[in-house]
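**Student:** Take this structure, written in structure tokens, and hold onto it; I'll ask about it next.
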Amino acid sequence: MDILSFHRKTNATVDLDAVAHNFELLRQQVAPAQICAVIKANAYGHGDVPIARLLEAAEIPWLAVALVEEGIRLRQHGIKTPILVLGGALGNHYDALIEYDLTPSIFSQEHLRELGNATGSQTKAFHLKLDTGMSRLGLRLHELPGFLDTTREYPNLHLTGVLTHLANADLRDTAQNSKQVALFNQGLLTLEKAGLTPRWRHVSNSAGSLTVDTDHTNLVRIGLALYGLDPLTPPSETPLRPALSWKTSIIHIKSIPAGDRVSYGGNWEAQRPSLIATLPVGYADGYSRSLAGKAEVLIGDARAPIVGNICMDLCMADITDIPGAEIGDEAVLLGSQGHQTISAYELARWADTIPYEITTGISYRVPRDYSPAIKER
């Protein structure tokens, strides 16, 4: 029996129908390009294996992860779809790339040599990452000729894809995006002159698919939008459906007089006689301390402010203005209840962060439930 079946009533629910809806919507939107679904970081907190199985059934051509171990986990759960490792294989993990049939992103001559040495006489495909302005991973264009010289030492390695990463796609930064696309196209031309025509060419992430014209690409890396979160800043009107909700329940209610203080440090003082509900969720679950004094939860189709410092396992909400609230009542941290909704964007604003950090930060000890229910295989 799964030990998490004994867990307190704090759980995240993932709407797989919403993910399927978003995927079909995005697939039509980016056509004739195809989608590479980014399911790194446990599918942005939504559950990598269930999401991978859903997309594999929809015949997606590519999945992408950040780490070799994320790709291994998918293979060990029976995923057969091609998997691109965006972070490359650092250290001595090239043998694992080969063993588990993972496709690496290569961005240095050293990585190419390590892959070639690990591959031996076998053939192995890889994608080449170009740095066109992110200054994170990737070859600069002036490094490309030397890299191509090295590829000739390893005829069993096949360059089947080339990619770059946009720095400002979500900001609708036309000038920066155009500059990066131009550099990417210049890199493609250099490859073409060397007799290389990689099948897959990809520049855009979720935001880039909405803001950037890339005539020379045929693959789009979709992450955040797949899970129903608008990738643009500021958010736009979108038919995407958020897939994740996060709920808990009241485990204790305490009546306190005016002047009493709540939680560590006593930072919050009751200005009137108050009812305080204790919720079994805290920063160890991903409900950040930075939300204290800013966030609200939904109880009884009303908003209750979080008061006092958030603890490791618990937090408190002021339910004085919610008549009839009882122990066991549902408290929504993220999602909808009645006519009210708390979005990942609202949580991110309260926490002074981005929606990515909200969903990926939900701890492993918060069970994920899936709707419709899935069967393990």
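In the structure tokens, each chain is lettered A, B, ... as it comes, each chain's residues begin at 1, and ligands are numbered from 1 in order of appearance.
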Might you pull out every residue within 6 Å of stretch 294-298 of chain A, with only C-alpha atoms counted and same-chain residues fewer than 5 positions away left off, and present them as a count of residues only?
**Tutor:** 8
**Student:** Extract, using only C-alpha atoms, all DNA, RNA and protein residues at most 9 Å from A:Asp95, discarding same-chain residues fewer than 6 positions from it, and format them as a PyMOL selection string.
**Tutor:** chain A and resi 115+118-119
**Student:** What are the DSSP helix (DSSP H, G or I) residues of stretch 62-105 of chain A, as a list in words?
**Tutor:** Val68, Glu69, Glu70, Gly71, Ile72, Arg73, Leu74, Arg75, Gln76, Tyr94, Asp95, Ala96, Leu97, Ile98 and Glu99 of chain A
**Student:** Contacts of A:Gly338 at 10 Å or less, counting only C-alpha atoms, minus same-chain residues fewer than 5 places along, as a list in words?
**Tutor:**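 The neighbour list is Leu298, Ile299, Gly300, Asp301 and Ala302 of chain A.
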**Student:** Name the residues in contact with stretch 120-128 of chain A at a cut-off of 8 Å, using only C-alpha atoms, excluding same-chain residues fewer than 3 positions from it; report them as a JSON list (two decimals) with N, CA and C atoms, in the first residue's frame.
**Tutor:**
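Below is the file result_17.json, written as the result:
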```json
[["chain", "number", "residue", "atom", "x", "y", "z"],
["A", 98, "ILE", "N", 22.86, 6.20, -23.50],
["A", 98, "ILE", "CA", 22.81, 5.15, -24.51],
["A", 98, "ILE", "C", 21.96, 3.99, -24.04],
["A", 103, "THR", "N", 18.08, 11.05, -25.99],
["A", 103, "THR", "CA", 18.76, 11.91, -26.96],
["A", 103, "THR", "C", 19.32, 13.13, -26.25],
["A", 104, "PRO", "N", 20.63, 13.34, -26.28],
["A", 104, "PRO", "CA", 21.20, 14.47, -25.55],
["A", 104, "PRO", "C", 21.21, 15.76, -26.37],
["A", 105, "SER", "N", 21.13, 16.87, -25.64],
["A", 105, "SER", "CA", 21.47, 18.17, -26.22],
["A", 105, "SER", "C", 22.96, 18.39, -25.97],
["A", 106, "ILE", "N", 23.70, 18.57, -27.03],
["A", 106, "ILE", "CA", 25.14, 18.73, -26.93],
["A", 106, "ILE", "C", 25.49, 20.20, -27.16],
["A", 107, "PHE", "N", 26.36, 20.74, -26.32],
["A", 107, "PHE", "CA", 26.67, 22.16, -26.45],
["A", 107, "PHE", "C", 28.14, 22.47, -26.21],
["A", 116, "GLY", "N", 30.76, 10.43, -27.99],
["A", 116, "GLY", "CA", 31.35, 9.54, -28.99],
["A", 116, "GLY", "C", 32.12, 8.40, -28.37],
["A", 117, "ASN", "N", 32.88, 8.68, -27.32],
["A", 117, "ASN", "CA", 33.66, 7.63, -26.66],
["A", 117, "ASN", "C", 32.77, 6.62, -25.97],
["A", 138, "GLY", "N", 24.94, 26.29, -24.57],
["A", 138, "GLY", "CA", 24.93, 26.35, -26.02],
["A", 138, "GLY", "C", 26.24, 26.85, -26.61],
["A", 156, "ASN", "N", 29.82, 8.04, -36.34],
["A", 156, "ASN", "CA", 28.66, 7.31, -35.82],
["A", 156, "ASN", "C", 27.69, 8.20, -35.04],
["A", 157, "LEU", "N", 28.07, 9.46, -34.80],
["A", 157, "LEU", "CA", 27.18, 10.40, -34.13],
["A", 157, "LEU", "C", 26.44, 11.22, -35.18],
["A", 158, "HIS", "N", 25.14, 11.27, -35.07],
["A", 158, "HIS", "CA", 24.31, 11.93, -36.08],
["A", 158, "HIS", "C", 23.60, 13.13, -35.49],
["A", 159, "LEU", "N", 23.85, 14.29, -36.08],
["A", 159, "LEU", "CA", 23.18, 15.52, -35.67],
["A", 159, "LEU", "C", 21.79, 15.54, -36.31],
["A", 160, "THR", "N", 20.78, 15.24, -35.51],
["A", 160, "THR", "CA", 19.41, 15.16, -36.04],
["A", 160, "THR", "C", 18.53, 16.33, -35.61],
["A", 161, "GLY", "N", 19.06, 17.21, -34.76],
["A", 161, "GLY", "CA", 18.28, 18.36, -34.32],
["A", 161, "GLY", "C", 19.18, 19.51, -33.92],
["A", 162, "VAL", "N", 18.66, 20.72, -34.03],
["A", 162, "VAL", "CA", 19.39, 21.91, -33.58],
["A", 162, "VAL", "C", 18.38, 22.82, -32.90],
["A", 163, "LEU", "N", 18.80, 23.43, -31.80],
["A", 163, "LEU", "CA", 17.87, 24.23, -31.00],
["A", 163, "LEU", "C", 18.57, 25.43, -30.39]]
```
**Student:** Which residue out of A:Thr13, A:Gln76, A:Thr360, A:Thr353 has the minimum interatomic distance to A:Lys40 when only C-alpha atoms are used?
**Tutor:**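 So, comparing all the options, the nearest one is A:Thr360.
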**Student:** In terms of the shortest atom-to-atom distance over only C-alpha atoms, which of A:His46, A:Thr81, A:Ile276, A:Thr248 is closest to A:Ile322?
**Tutor:**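 That would be A:Ile276, the residue with the smallest distance to A:Ile322.
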**Student:** Which one of A:Ser245, A:Asn309, A:Ser290, A:Gln34 sits closest to A:Ser336 if you count only C-alpha atoms?
**Tutor:**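 Selected residue with least distance to A:Ser336: A:Ser245.
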**Student:** Which residue is closest to A:Ala37? Choose from A:Asp131, A:Asp318, A:Glu59, A:Glu99 and count only C-alpha atoms.
**Tutor:**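 Going through A:Asp131, A:Asp318, A:Glu59, A:Glu99 one by one, the smallest distance to A:Ala37 is for A:Glu59.
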**Student:** Might you pull out every residue within 10 Å of stretch 69-73 of chain A, with only C-alpha atoms counted and same-chain residues fewer than 3 positions away left off, and present them as a list in words?
**Tutor:** Ile39, Lys40, Ala41, Asn42, Asp48, Val49, Leu63, Ala64, Val65, Ala66, Gln76, His77, Gly78, Ile79, Pro82, Ile83, Leu84, Val85, Ala89, His93, Ala96, Leu97, Glu99, Tyr100, Asp101, Leu102 and Thr103 of chain A
